[in-house]
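Peer 1: Got a file for you: model39.cif, mmCIF, C-alpha atoms.
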```cif
data_coords
loop_
_atom_site.group_PDB
_atom_site.id
_atom_site.type_symbol
_atom_site.label_atom_id
_atom_site.label_comp_id
_atom_site.auth_asym_id
_atom_site.auth_seq_id
_atom_site.Cartn_x
_atom_site.Cartn_y
_atom_site.Cartn_z
ATOM 1 C CA MET A 1052 119.374 82.196 98.519
ATOM 2 C CA LYS A 1053 119.112 83.304 94.916
ATOM 3 C CA ALA A 1054 121.187 86.175 93.507
ATOM 4 C CA VAL A 1055 121.888 87.675 90.100
ATOM 5 C CA VAL A 1056 125.390 86.583 89.123
ATOM 6 C CA ILE A 1057 127.604 88.248 86.509
ATOM 7 C CA THR A 1058 128.655 84.976 84.854
ATOM 8 C CA THR A 1059 131.342 86.705 82.754
ATOM 9 C CA PRO A 1060 131.916 90.373 81.863
ATOM 10 C CA GLY A 1061 129.664 91.349 78.954
ATOM 11 C CA GLY A 1062 126.209 92.411 77.806
ATOM 12 C CA PRO A 1063 122.913 92.121 79.707
ATOM 13 C CA GLU A 1064 122.631 88.427 78.775
ATOM 14 C CA VAL A 1065 125.498 87.514 81.180
ATOM 15 C CA LEU A 1066 123.249 88.230 84.198
ATOM 16 C CA LYS A 1067 121.850 84.948 85.545
ATOM 17 C CA LEU A 1068 119.733 84.243 88.628
ATOM 18 C CA GLN A 1069 121.528 81.441 90.501
ATOM 19 C CA GLU A 1070 121.489 79.687 93.862
ATOM 20 C CA VAL A 1071 124.342 81.074 96.010
ATOM 21 C CA GLU A 1072 125.428 81.055 99.644
ATOM 22 C CA ASP A 1073 123.697 83.357 102.124
ATOM 23 C CA PRO A 1074 125.756 86.391 103.189
ATOM 24 C CA LYS A 1075 127.740 86.091 106.409
ATOM 25 C CA LEU A 1076 126.628 88.591 109.050
ATOM 26 C CA LYS A 1077 129.254 90.687 110.881
ATOM 27 C CA ASP A 1078 128.729 92.077 114.395
ATOM 28 C CA ASP A 1079 127.889 95.590 113.204
ATOM 29 C CA GLU A 1080 125.619 94.539 110.323
ATOM 30 C CA VAL A 1081 121.970 93.676 109.742
ATOM 31 C CA LEU A 1082 120.708 90.966 107.397
ATOM 32 C CA ILE A 1083 117.942 92.252 105.144
ATOM 33 C CA LYS A 1084 115.458 90.011 103.336
ATOM 34 C CA VAL A 1085 115.278 92.023 100.117
ATOM 35 C CA GLU A 1086 111.921 93.244 98.841
ATOM 36 C CA ALA A 1087 113.342 95.324 95.976
ATOM 37 C CA THR A 1088 116.535 96.804 94.581
ATOM 38 C CA ALA A 1089 117.014 99.576 92.026
ATOM 39 C CA LEU A 1090 119.257 99.854 88.983
ATOM 40 C CA ASN A 1091 122.089 102.371 88.787
ATOM 41 C CA ARG A 1092 124.431 103.088 85.846
ATOM 42 C CA ALA A 1093 127.259 101.697 87.960
ATOM 43 C CA ASP A 1094 125.578 98.273 87.791
ATOM 44 C CA THR A 1095 125.905 98.225 83.998
ATOM 45 C CA LEU A 1096 129.598 99.150 84.283
ATOM 46 C CA GLN A 1097 130.141 96.410 86.875
ATOM 47 C CA ARG A 1098 128.473 93.919 84.522
ATOM 48 C CA GLN A 1099 130.971 94.910 81.811
ATOM 49 C CA GLY A 1100 133.897 94.360 84.189
ATOM 50 C CA LYS A 1101 134.679 98.104 84.414
ATOM 51 C CA TYR A 1102 133.598 98.837 88.001
ATOM 52 C CA PRO A 1103 134.453 96.047 90.440
ATOM 53 C CA PRO A 1104 133.046 96.125 93.996
ATOM 54 C CA PRO A 1105 135.341 97.319 96.811
ATOM 55 C CA LYS A 1106 137.493 94.542 98.299
ATOM 56 C CA GLY A 1107 135.533 92.403 100.747
ATOM 57 C CA ASP A 1108 132.090 93.541 99.539
ATOM 58 C CA SER A 1109 129.475 91.427 97.766
ATOM 59 C CA GLU A 1110 130.358 90.486 94.188
ATOM 60 C CA TYR A 1111 126.705 90.753 93.118
ATOM 61 C CA PRO A 1112 125.441 94.048 91.666
ATOM 62 C CA GLY A 1113 123.008 96.376 93.422
ATOM 63 C CA LEU A 1114 123.830 99.566 95.361
ATOM 64 C CA GLU A 1115 120.547 100.022 97.251
ATOM 65 C CA CYS A 1116 117.664 97.943 98.497
ATOM 66 C CA SER A 1117 114.570 97.800 100.656
ATOM 67 C CA GLY A 1118 113.273 94.933 102.758
ATOM 68 C CA THR A 1119 112.742 93.462 106.209
ATOM 69 C CA ILE A 1120 115.473 92.841 108.784
ATOM 70 C CA GLU A 1121 115.923 89.105 109.332
ATOM 71 C CA ALA A 1122 118.880 89.157 111.761
ATOM 72 C CA VAL A 1123 121.055 91.708 113.572
ATOM 73 C CA GLY A 1124 124.724 91.546 114.602
ATOM 74 C CA LYS A 1125 125.542 91.689 118.302
ATOM 75 C CA ASN A 1126 126.811 95.302 118.158
ATOM 76 C CA VAL A 1127 123.634 96.644 116.506
ATOM 77 C CA SER A 1128 121.327 98.643 118.797
ATOM 78 C CA ARG A 1129 119.035 100.787 116.615
ATOM 79 C CA TRP A 1130 117.501 98.034 114.460
ATOM 80 C CA LYS A 1131 115.641 94.853 115.344
ATOM 81 C CA VAL A 1132 114.323 91.770 113.545
ATOM 82 C CA GLY A 1133 111.119 92.609 111.662
ATOM 83 C CA ASP A 1134 111.958 96.290 111.002
ATOM 84 C CA GLN A 1135 111.111 97.454 107.487
ATOM 85 C CA VAL A 1136 114.041 99.422 106.091
ATOM 86 C CA CYS A 1137 115.933 100.585 103.029
ATOM 87 C CA ALA A 1138 119.706 100.808 102.715
ATOM 88 C CA LEU A 1139 122.720 102.133 100.858
ATOM 89 C CA ILE A 1140 124.990 99.196 99.985
ATOM 90 C CA SER A 1141 128.312 98.602 98.207
ATOM 91 C CA GLY A 1142 126.904 95.624 96.313
ATOM 92 C CA GLY A 1143 124.634 92.628 96.737
ATOM 93 C CA GLY A 1144 121.236 94.257 96.168
ATOM 94 C CA TYR A 1145 120.372 91.923 93.274
ATOM 95 C CA ALA A 1146 119.721 89.080 95.730
ATOM 96 C CA GLU A 1147 117.147 87.701 98.145
ATOM 97 C CA LYS A 1148 119.266 88.676 101.164
ATOM 98 C CA VAL A 1149 122.030 91.178 101.827
ATOM 99 C CA ALA A 1150 124.187 92.032 104.855
ATOM 100 C CA VAL A 1151 124.490 95.784 105.439
ATOM 101 C CA PRO A 1152 126.498 97.887 107.931
ATOM 102 C CA SER A 1153 123.915 99.209 110.398
ATOM 103 C CA GLY A 1154 124.951 102.839 109.811
ATOM 104 C CA GLN A 1155 123.834 102.593 106.180
ATOM 105 C CA VAL A 1156 120.278 101.522 107.005
ATOM 106 C CA LEU A 1157 117.356 103.953 106.854
ATOM 107 C CA PRO A 1158 113.737 103.711 107.970
ATOM 108 C CA ILE A 1159 111.116 103.565 105.200
ATOM 109 C CA PRO A 1160 110.086 107.194 104.528
ATOM 110 C CA SER A 1161 106.550 108.023 105.630
ATOM 111 C CA GLY A 1162 104.007 107.442 102.858
ATOM 112 C CA VAL A 1163 106.298 105.237 100.738
ATOM 113 C CA SER A 1164 105.704 101.503 100.160
ATOM 114 C CA LEU A 1165 108.363 98.954 101.124
ATOM 115 C CA LYS A 1166 109.217 98.059 97.513
ATOM 116 C CA ASP A 1167 109.288 101.669 96.274
ATOM 117 C CA ALA A 1168 111.619 102.741 99.093
ATOM 118 C CA ALA A 1169 114.403 100.921 97.194
ATOM 119 C CA SER A 1170 114.405 103.829 94.732
ATOM 120 C CA PHE A 1171 115.705 106.390 97.242
ATOM 121 C CA PRO A 1172 118.969 105.484 99.088
ATOM 122 C CA GLU A 1173 121.526 105.772 96.272
ATOM 123 C CA VAL A 1174 120.063 108.892 94.625
ATOM 124 C CA ALA A 1175 119.422 110.634 97.941
ATOM 125 C CA CYS A 1176 122.912 109.886 99.283
ATOM 126 C CA THR A 1177 124.591 110.808 95.977
ATOM 127 C CA VAL A 1178 122.774 114.112 95.503
ATOM 128 C CA TRP A 1179 122.867 115.182 99.149
ATOM 129 C CA SER A 1180 126.573 114.343 99.626
ATOM 130 C CA THR A 1181 127.681 116.067 96.418
ATOM 131 C CA VAL A 1182 125.770 119.268 95.686
ATOM 132 C CA PHE A 1183 124.508 119.977 99.201
ATOM 133 C CA MET A 1184 127.129 118.706 101.683
ATOM 134 C CA THR A 1185 130.140 119.467 99.458
ATOM 135 C CA SER A 1186 129.182 122.144 96.906
ATOM 136 C CA LYS A 1187 126.965 123.885 99.486
ATOM 137 C CA LEU A 1188 124.125 124.582 97.040
ATOM 138 C CA SER A 1189 121.698 126.797 98.918
ATOM 139 C CA SER A 1190 118.414 128.668 98.702
ATOM 140 C CA GLY A 1191 118.323 131.421 96.079
ATOM 141 C CA GLU A 1192 121.072 129.883 93.933
ATOM 142 C CA THR A 1193 120.828 128.415 90.424
ATOM 143 C CA PHE A 1194 121.501 124.755 89.624
ATOM 144 C CA LEU A 1195 122.035 122.922 86.313
ATOM 145 C CA ILE A 1196 121.431 119.145 86.252
ATOM 146 C CA HIS A 1197 122.620 117.135 83.267
ATOM 147 C CA GLY A 1198 120.442 114.094 82.580
ATOM 148 C CA GLY A 1199 117.450 115.622 84.332
ATOM 149 C CA SER A 1200 115.192 112.641 83.634
ATOM 150 C CA SER A 1201 117.519 110.056 85.207
ATOM 151 C CA GLY A 1202 117.007 108.622 88.679
ATOM 152 C CA ILE A 1203 119.548 111.104 90.035
ATOM 153 C CA GLY A 1204 118.064 113.946 87.993
ATOM 154 C CA THR A 1205 114.427 113.422 88.940
ATOM 155 C CA PHE A 1206 115.392 113.353 92.614
ATOM 156 C CA ALA A 1207 117.764 116.348 92.379
ATOM 157 C CA ILE A 1208 115.122 118.532 90.694
ATOM 158 C CA GLN A 1209 112.623 117.967 93.502
ATOM 159 C CA MET A 1210 115.117 118.315 96.342
ATOM 160 C CA ALA A 1211 116.480 121.567 94.931
ATOM 161 C CA LYS A 1212 113.008 123.034 94.429
ATOM 162 C CA TYR A 1213 112.092 122.053 98.012
ATOM 163 C CA LEU A 1214 115.088 124.125 99.174
ATOM 164 C CA GLY A 1215 114.240 127.215 97.098
ATOM 165 C CA ILE A 1216 116.697 126.811 94.211
ATOM 166 C CA LYS A 1217 116.156 127.681 90.518
ATOM 167 C CA VAL A 1218 116.642 124.492 88.497
ATOM 168 C CA PHE A 1219 117.900 124.081 84.918
ATOM 169 C CA VAL A 1220 118.000 120.633 83.304
ATOM 170 C CA THR A 1221 119.285 119.098 80.106
ATOM 171 C CA ALA A 1222 117.607 116.061 78.545
ATOM 172 C CA GLY A 1223 117.446 114.468 75.103
ATOM 173 C CA SER A 1224 113.734 114.584 74.246
ATOM 174 C CA GLU A 1225 110.693 116.801 74.669
ATOM 175 C CA GLU A 1226 108.983 113.974 76.589
ATOM 176 C CA LYS A 1227 111.826 113.890 79.119
ATOM 177 C CA LEU A 1228 111.858 117.689 79.450
ATOM 178 C CA LYS A 1229 108.104 117.684 80.041
ATOM 179 C CA ALA A 1230 108.574 115.147 82.863
ATOM 180 C CA CYS A 1231 111.313 117.341 84.379
ATOM 181 C CA LYS A 1232 109.073 120.422 84.203
ATOM 182 C CA GLU A 1233 106.267 118.507 85.950
ATOM 183 C CA LEU A 1234 108.707 117.708 88.784
ATOM 184 C CA GLY A 1235 109.474 121.420 89.145
ATOM 185 C CA ALA A 1236 112.360 122.218 86.770
ATOM 186 C CA ASP A 1237 112.281 125.898 85.819
ATOM 187 C CA VAL A 1238 114.248 125.684 82.566
ATOM 188 C CA GLY A 1239 114.429 122.641 80.275
ATOM 189 C CA ILE A 1240 117.101 122.407 77.571
ATOM 190 C CA ASN A 1241 117.084 119.786 74.809
ATOM 191 C CA TYR A 1242 120.795 119.098 74.385
ATOM 192 C CA LYS A 1243 120.176 117.543 70.955
ATOM 193 C CA THR A 1244 118.722 120.721 69.473
ATOM 194 C CA GLU A 1245 120.064 123.523 71.715
ATOM 195 C CA ASP A 1246 123.413 124.782 72.980
ATOM 196 C CA PHE A 1247 123.018 124.591 76.750
ATOM 197 C CA VAL A 1248 125.752 127.194 77.359
ATOM 198 C CA ALA A 1249 123.907 129.828 75.287
ATOM 199 C CA ARG A 1250 120.582 129.001 76.934
ATOM 200 C CA VAL A 1251 122.030 129.162 80.459
ATOM 201 C CA LYS A 1252 123.621 132.545 79.686
ATOM 202 C CA GLU A 1253 120.352 133.821 78.222
ATOM 203 C CA GLU A 1254 118.276 132.660 81.220
ATOM 204 C CA THR A 1255 120.713 134.070 83.805
ATOM 205 C CA GLY A 1256 121.321 137.444 82.158
ATOM 206 C CA GLY A 1257 124.837 136.372 81.162
ATOM 207 C CA LYS A 1258 125.864 135.433 84.704
ATOM 208 C CA GLY A 1259 125.827 131.616 84.542
ATOM 209 C CA VAL A 1260 124.668 129.105 87.162
ATOM 210 C CA ASP A 1261 126.047 128.529 90.667
ATOM 211 C CA VAL A 1262 126.291 124.720 90.672
ATOM 212 C CA ILE A 1263 126.312 121.998 87.992
ATOM 213 C CA LEU A 1264 125.765 118.281 88.673
ATOM 214 C CA ASP A 1265 127.339 116.436 85.753
ATOM 215 C CA ASN A 1266 127.237 112.773 84.752
ATOM 216 C CA ILE A 1267 128.740 113.307 81.270
ATOM 217 C CA GLY A 1268 132.356 114.161 82.079
ATOM 218 C CA GLY A 1269 134.834 114.828 79.280
ATOM 219 C CA ALA A 1270 132.484 115.883 76.499
ATOM 220 C CA TYR A 1271 130.886 118.603 78.655
ATOM 221 C CA PHE A 1272 133.886 119.805 80.671
ATOM 222 C CA GLN A 1273 134.638 122.990 78.722
ATOM 223 C CA LYS A 1274 130.957 123.819 78.255
ATOM 224 C CA ASN A 1275 130.368 123.392 81.979
ATOM 225 C CA LEU A 1276 133.171 125.840 82.809
ATOM 226 C CA GLU A 1277 131.568 128.337 80.410
ATOM 227 C CA SER A 1278 128.113 127.811 81.969
ATOM 228 C CA LEU A 1279 129.201 128.552 85.547
ATOM 229 C CA GLY A 1280 129.001 131.977 87.140
ATOM 230 C CA MET A 1281 131.435 133.609 89.584
ATOM 231 C CA ASP A 1282 132.388 131.242 92.427
ATOM 232 C CA GLY A 1283 130.588 128.451 90.548
ATOM 233 C CA ARG A 1284 130.968 124.788 91.494
ATOM 234 C CA LEU A 1285 131.053 121.846 89.074
ATOM 235 C CA PHE A 1286 130.472 118.413 90.593
ATOM 236 C CA ILE A 1287 131.245 115.433 88.352
ATOM 237 C CA ILE A 1288 129.657 112.074 89.214
ATOM 238 C CA GLY A 1289 129.936 110.188 85.913
ATOM 239 C CA PHE A 1290 131.694 109.873 82.566
ATOM 240 C CA MET A 1291 128.991 108.923 80.063
ATOM 241 C CA GLY A 1292 130.663 111.325 77.615
ATOM 242 C CA GLY A 1293 134.204 110.030 78.162
ATOM 243 C CA VAL A 1294 137.054 110.709 80.592
ATOM 244 C CA LYS A 1295 139.236 113.000 78.483
ATOM 245 C CA ALA A 1296 138.747 116.705 77.858
ATOM 246 C CA GLU A 1297 140.602 119.667 76.439
ATOM 247 C CA ALA A 1298 139.652 122.828 78.270
ATOM 248 C CA ASN A 1299 140.538 126.467 78.707
ATOM 249 C CA ILE A 1300 141.368 126.434 82.401
ATOM 250 C CA SER A 1301 141.700 130.224 82.580
ATOM 251 C CA PHE A 1302 137.977 130.137 83.443
ATOM 252 C CA LEU A 1303 138.920 128.559 86.781
ATOM 253 C CA LEU A 1304 140.900 131.636 87.774
ATOM 254 C CA ALA A 1305 138.740 134.280 86.124
ATOM 255 C CA LYS A 1306 135.550 132.997 87.754
ATOM 256 C CA ARG A 1307 137.061 131.404 90.910
ATOM 257 C CA LEU A 1308 135.554 128.048 89.949
ATOM 258 C CA THR A 1309 135.690 124.807 91.939
ATOM 259 C CA VAL A 1310 135.701 121.437 90.179
ATOM 260 C CA GLN A 1311 134.972 118.397 92.321
ATOM 261 C CA GLY A 1312 134.216 114.733 91.825
ATOM 262 C CA ALA A 1313 133.280 111.794 94.001
ATOM 263 C CA GLY A 1314 131.932 108.285 93.961
ATOM 264 C CA LEU A 1315 129.869 106.941 96.841
ATOM 265 C CA ARG A 1316 130.691 103.250 96.702
ATOM 266 C CA THR A 1317 134.356 103.488 97.670
ATOM 267 C CA ARG A 1318 133.896 105.852 100.636
ATOM 268 C CA SER A 1319 134.664 104.625 104.144
ATOM 269 C CA LEU A 1320 131.974 103.111 106.369
ATOM 270 C CA GLU A 1321 132.258 106.160 108.639
ATOM 271 C CA LYS A 1322 131.729 108.604 105.762
ATOM 272 C CA LYS A 1323 128.808 106.596 104.366
ATOM 273 C CA GLY A 1324 127.259 106.497 107.832
ATOM 274 C CA GLU A 1325 127.609 110.280 108.113
ATOM 275 C CA ILE A 1326 125.990 110.798 104.689
ATOM 276 C CA VAL A 1327 123.111 108.420 105.498
ATOM 277 C CA SER A 1328 122.514 110.230 108.790
ATOM 278 C CA GLU A 1329 122.411 113.630 107.006
ATOM 279 C CA VAL A 1330 120.007 112.211 104.408
ATOM 280 C CA GLU A 1331 117.640 110.947 107.104
ATOM 281 C CA LYS A 1332 117.715 114.354 108.795
ATOM 282 C CA ASN A 1333 117.405 116.549 105.683
ATOM 283 C CA VAL A 1334 115.810 114.506 102.899
ATOM 284 C CA TRP A 1335 113.395 112.120 104.641
ATOM 285 C CA PRO A 1336 111.192 115.008 105.955
ATOM 286 C CA ALA A 1337 110.816 116.327 102.380
ATOM 287 C CA ILE A 1338 109.646 112.874 101.240
ATOM 288 C CA ALA A 1339 107.272 112.575 104.214
ATOM 289 C CA GLN A 1340 105.740 115.956 103.287
ATOM 290 C CA GLY A 1341 105.196 114.767 99.701
ATOM 291 C CA LYS A 1342 107.601 117.420 98.362
ATOM 292 C CA VAL A 1343 109.933 114.773 96.926
ATOM 293 C CA LYS A 1344 108.076 111.960 95.185
ATOM 294 C CA LEU A 1345 109.455 108.714 93.881
ATOM 295 C CA VAL A 1346 109.662 108.381 90.109
ATOM 296 C CA VAL A 1347 109.621 104.704 89.100
ATOM 297 C CA TYR A 1348 109.531 103.893 85.389
ATOM 298 C CA LYS A 1349 109.224 100.101 85.490
ATOM 299 C CA TYR A 1350 109.415 97.036 87.757
ATOM 300 C CA PHE A 1351 111.062 93.745 86.753
ATOM 301 C CA PRO A 1352 111.410 90.471 88.681
ATOM 302 C CA LEU A 1353 114.983 89.663 89.778
ATOM 303 C CA SER A 1354 115.075 86.901 87.152
ATOM 304 C CA GLU A 1355 114.750 89.557 84.398
ATOM 305 C CA ALA A 1356 117.704 91.698 85.503
ATOM 306 C CA GLY A 1357 119.150 91.395 81.991
ATOM 307 C CA GLU A 1358 115.988 92.917 80.469
ATOM 308 C CA ALA A 1359 116.130 95.716 83.030
ATOM 309 C CA HIS A 1360 119.747 96.457 82.047
ATOM 310 C CA LYS A 1361 118.757 96.518 78.368
ATOM 311 C CA LEU A 1362 116.111 99.119 79.171
ATOM 312 C CA MET A 1363 118.568 101.253 81.168
ATOM 313 C CA GLU A 1364 121.066 101.172 78.313
ATOM 314 C CA THR A 1365 118.483 102.497 75.834
ATOM 315 C CA SER A 1366 118.181 105.601 78.072
ATOM 316 C CA THR A 1367 114.480 105.846 77.198
ATOM 317 C CA HIS A 1368 113.370 105.583 80.843
ATOM 318 C CA ILE A 1369 112.408 108.467 83.123
ATOM 319 C CA GLY A 1370 113.299 107.955 86.803
ATOM 320 C CA LYS A 1371 114.205 104.643 88.388
ATOM 321 C CA ILE A 1372 114.014 100.998 87.283
ATOM 322 C CA LEU A 1373 113.334 98.512 90.096
ATOM 323 C CA LEU A 1374 113.941 94.776 90.504
ATOM 324 C CA LEU A 1375 111.596 92.871 92.817
ATOM 325 C CA ALA A 1376 113.079 89.966 94.761
#
```
Would you encode the structure as structure tokens?
Peer 2:
Amino acid sequence: MKAVVITTPGGPEVLKLQEVEDPKLKDDEVLIKVEATALNRADTLQRQGKYPPPKGDSEYPGLECSGTIEAVGKNVSRWKVGDQVCALISGGGYAEKVAVPSGQVLPIPSGVSLKDAASFPEVACTVWSTVFMTSKLSSGETFLIHGGSSGIGTFAIQMAKYLGIKVFVTAGSEEKLKACKELGADVGINYKTEDFVARVKEETGGKGVDVILDNIGGAYFQKNLESLGMDGRLFIIGFMGGVKAEANISFLLAKRLTVQGAGLRTRSLEKKGEIVSEVEKNVWPAIAQGKVKLVVYKYFPLSEAGEAHKLMETSTHIGKILLLA
């Protein structure tokens, strides 16, 4: 099969489509003939040598995919050859075939094409497992999403609105904020021209928001603590603004705040299976009802993975970038 290989750690030009060995199928896995995969920021970090795959997982990038099952391991009961599926994976999506633990496989959501279904697994599992399963964001609460126009952001806006939550987003251009508003965001804040803390306070009558989903990290840590209300929860899923912060931690006590963080890739098979099952139960119906729509910015062939990475690193896109196998 062909796969996108990171020939050496570096820029987008190090990604090369090469002939490689087919994946070996374990007893509890399915082999998927890949239709499409989607880019995630983690892929760009892996390309730079900063985010290696977990031991024993595929060395090729790609944390989600869609396609058709080509073979099933002997312990697999739910899936059969010919099923059209999408999946959460620890790596290997940038390839023509990938072996996936059967518990991380999902049916194609109703009304979504096979290729477009690749845009959902990683964002759905990330958002559902963090702000809903862990931070317990619930109807009637307020929610601030940093990077509202990202793949994670565009999904989180819609899912939160579906569940009756008031949504605040930050983004870096009026075009991106407009896109967020069209997806249902109640309050859009241009972080380049506005202080998001002041705007959050103004919009909440000085109270602050209940939950923040943050992909910036260090640079926003203090501001996030200031933006949260009583019993507020901050969930950190990325460090685009660095890993170090100086903060006044008295806010944690005064407002009874919770700060949490998690990655998805390094979780156990059991935990991933649990998250995938919760996503199918809670998120897939919202997609089937048309309440959560896919937001795809651009499609590239697998052979142009480097160009796709260049686009992601400009941060001009809104939603997801897909690679077609």
Peer 1: Just checking: using only C-alpha atoms, which residue out of A:Leu1345, A:Val1132, A:Ala1122, A:Leu1374 ends up closest to Ala1359 (chain A)?
Peer 2: A:Leu1374
Peer 1: Write out as a ChimeraX atom specification which residues come within 6 Å of region 1276-1283 of chain A when counting all atoms listed in the file, dropping same-chain ones fewer than 4 positions away.
Peer 2: /A:1248,1258-1262,1306-1308
Peer 1: Taking into account all atoms listed in the file, which residue in the set A:Val1081, A:Ile1140, A:Leu1353, A:Val1346 is nearest to Gly1370 (chain A)?
Peer 2: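 Ranked by minimum distance to Gly1370 (chain A), first place goes to A:Val1346.
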Peer 1: What do you get, as number ranges by chain, if you spell out every residue that the PyMOL selection byres ((chain A and resi 1220) around 8) selects here?
Peer 2: A: 1195-1199, 1218-1219, 1221-1222, 1228, 1231, 1236, 1238-1240
Peer 1: Take the residues that were just selected and, keeping C-alpha atoms, output them as a compact mmCIF listing (two decimals), in the coordinates of the input.
Peer 2:
```txt
# COMPACT_ATOMS: atom_id res chain seq x y z
CA LEU A 1195 122.04 122.92 86.31
CA ILE A 1196 121.43 119.14 86.25
CA HIS A 1197 122.62 117.14 83.27
CA GLY A 1198 120.44 114.09 82.58
CA GLY A 1199 117.45 115.62 84.33
CA VAL A 1218 116.64 124.49 88.50
CA PHE A 1219 117.90 124.08 84.92
CA THR A 1221 119.28 119.10 80.11
CA ALA A 1222 117.61 116.06 78.54
CA LEU A 1228 111.86 117.69 79.45
CA CYS A 1231 111.31 117.34 84.38
CA ALA A 1236 112.36 122.22 86.77
CA VAL A 1238 114.25 125.68 82.57
CA GLY A 1239 114.43 122.64 80.28
CA ILE A 1240 117.10 122.41 77.57
```
Peer 1: Could you list, as a PyMOL selection string, every residue matched by the PyMOL selection byres ((chain A and resi 1242) around 9) in this structure?
Peer 2: chain A and resi 1221-1224+1240-1241+1243-1247
Peer 1: Give as a PyMOL selection string every residue, naming chains and numbers as the document does, that has an atom within 10 Å of (135.2, 107.5, 84.1), counting all atoms listed in the file.
Peer 2: chain A and resi 1101-1102+1266-1269+1287-1295
Peer 1: Quick one: residues within 12 Å of Pro1105 (chain A), only C-alpha atoms, excluding same-chain residues fewer than 2 positions away - as a list in words?
Peer 2: Gln1097, Tyr1102, Pro1103, Gly1107, Asp1108, Ser1109, Glu1110, Tyr1111, Pro1112, Leu1114, Ile1140, Ser1141, Gly1142, Gly1143, Gly1314, Leu1315, Arg1316, Thr1317, Arg1318, Ser1319 and Leu1320 of chain A
Peer 1: Using only C-alpha atoms, which of A:Leu1214, A:Ile1300, A:Val1182, A:Leu1139 sits nearest Asp1265 (chain A)?
Peer 2: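 Of the candidates, the smallest distance to Asp1265 (chain A) is held by A:Val1182.
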Peer 1: Can you work out which one of A:Val1330, A:Ala1211, A:Leu1076, A:Val1065 has the shortest atom-to-atom distance to Val1151 (chain A), counting only C-alpha atoms?
Peer 2: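 Nearest to Val1151 (chain A): A:Leu1076.
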Peer 1: Residues within 10 Å of (124.2, 117.8, 99.0), file coordinates, counting only C-alpha atoms: what are they? Give the list as an MDAnalysis selection string.
Peer 2: chainID A and resid 1175:1189 1207 1210:1211 1326 1329:1330 1333:1334
Peer 1: Find the distance between CA of Leu1068 (chain A) and CA of Ala1376 (chain A) and write it in Å to one decimal.
Peer 2: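 The value is 10.7 Å.
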Peer 1: Residues at most 6 Å from Thr1088 (chain A), counting all atoms listed in the file, excluding those fewer than 3 positions away in the same chain, as a PyMOL selection string?
Peer 2: chain A and resi 1115-1116+1144+1169+1373-1374
Peer 1: Can you measure CA of Ala1168 (chain A) to CA of Leu1090 (chain A) for me? One decimal in Å is fine.
Peer 2: 13.0 Å
Peer 1: Please, what distance in Å, to one decimal, runs between CA of Ile1159 (chain A) and CA of Gln1135 (chain A)?
Peer 2: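 Here the two named atoms are 6.5 Å from each other.
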Peer 1: Compare A:Val1156, A:Arg1098, A:Glu1086, A:His1368 by their minimum atom-to-atom distance to Glu1064 (chain A), counting only C-alpha atoms, and give me the closest one.
Peer 2: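 Of A:Val1156, A:Arg1098, A:Glu1086, A:His1368, the one nearest Glu1064 (chain A), counting only C-alpha atoms, is A:Arg1098.
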Peer 1: Once you've located region 1336-1343 of chain A in the structure I gave, write it as a compact mmCIF listing (two decimals), in the first residue's frame, keeping N, CA, C and O atoms.
Peer 2:
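So the final result, stored in selection.txt, reads:
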```txt
# COMPACT_ATOMS: atom_id res chain seq x y z
N PRO A 1336 -26.67 11.04 16.98
CA PRO A 1336 -28.06 11.48 16.73
C PRO A 1336 -28.15 12.96 16.35
O PRO A 1336 -28.98 13.33 15.51
N ALA A 1337 -27.30 13.80 16.93
CA ALA A 1337 -27.31 15.23 16.60
C ALA A 1337 -26.88 15.45 15.14
O ALA A 1337 -27.42 16.32 14.45
N ILE A 1338 -25.93 14.65 14.67
CA ILE A 1338 -25.49 14.74 13.27
C ILE A 1338 -26.61 14.25 12.36
O ILE A 1338 -26.93 14.89 11.35
N ALA A 1339 -27.23 13.13 12.74
CA ALA A 1339 -28.32 12.56 11.93
C ALA A 1339 -29.49 13.54 11.79
O ALA A 1339 -30.14 13.59 10.75
N GLN A 1340 -29.73 14.32 12.84
CA GLN A 1340 -30.82 15.31 12.81
C GLN A 1340 -30.43 16.60 12.07
O GLN A 1340 -31.25 17.51 11.94
N GLY A 1341 -29.17 16.68 11.63
CA GLY A 1341 -28.71 17.88 10.92
C GLY A 1341 -28.40 19.04 11.86
O GLY A 1341 -28.21 20.18 11.42
N LYS A 1342 -28.33 18.77 13.16
CA LYS A 1342 -28.04 19.83 14.15
C LYS A 1342 -26.54 20.10 14.25
O LYS A 1342 -26.12 21.17 14.68
N VAL A 1343 -25.74 19.10 13.90
CA VAL A 1343 -24.28 19.27 13.86
C VAL A 1343 -23.85 18.92 12.44
O VAL A 1343 -24.00 17.79 12.00
```
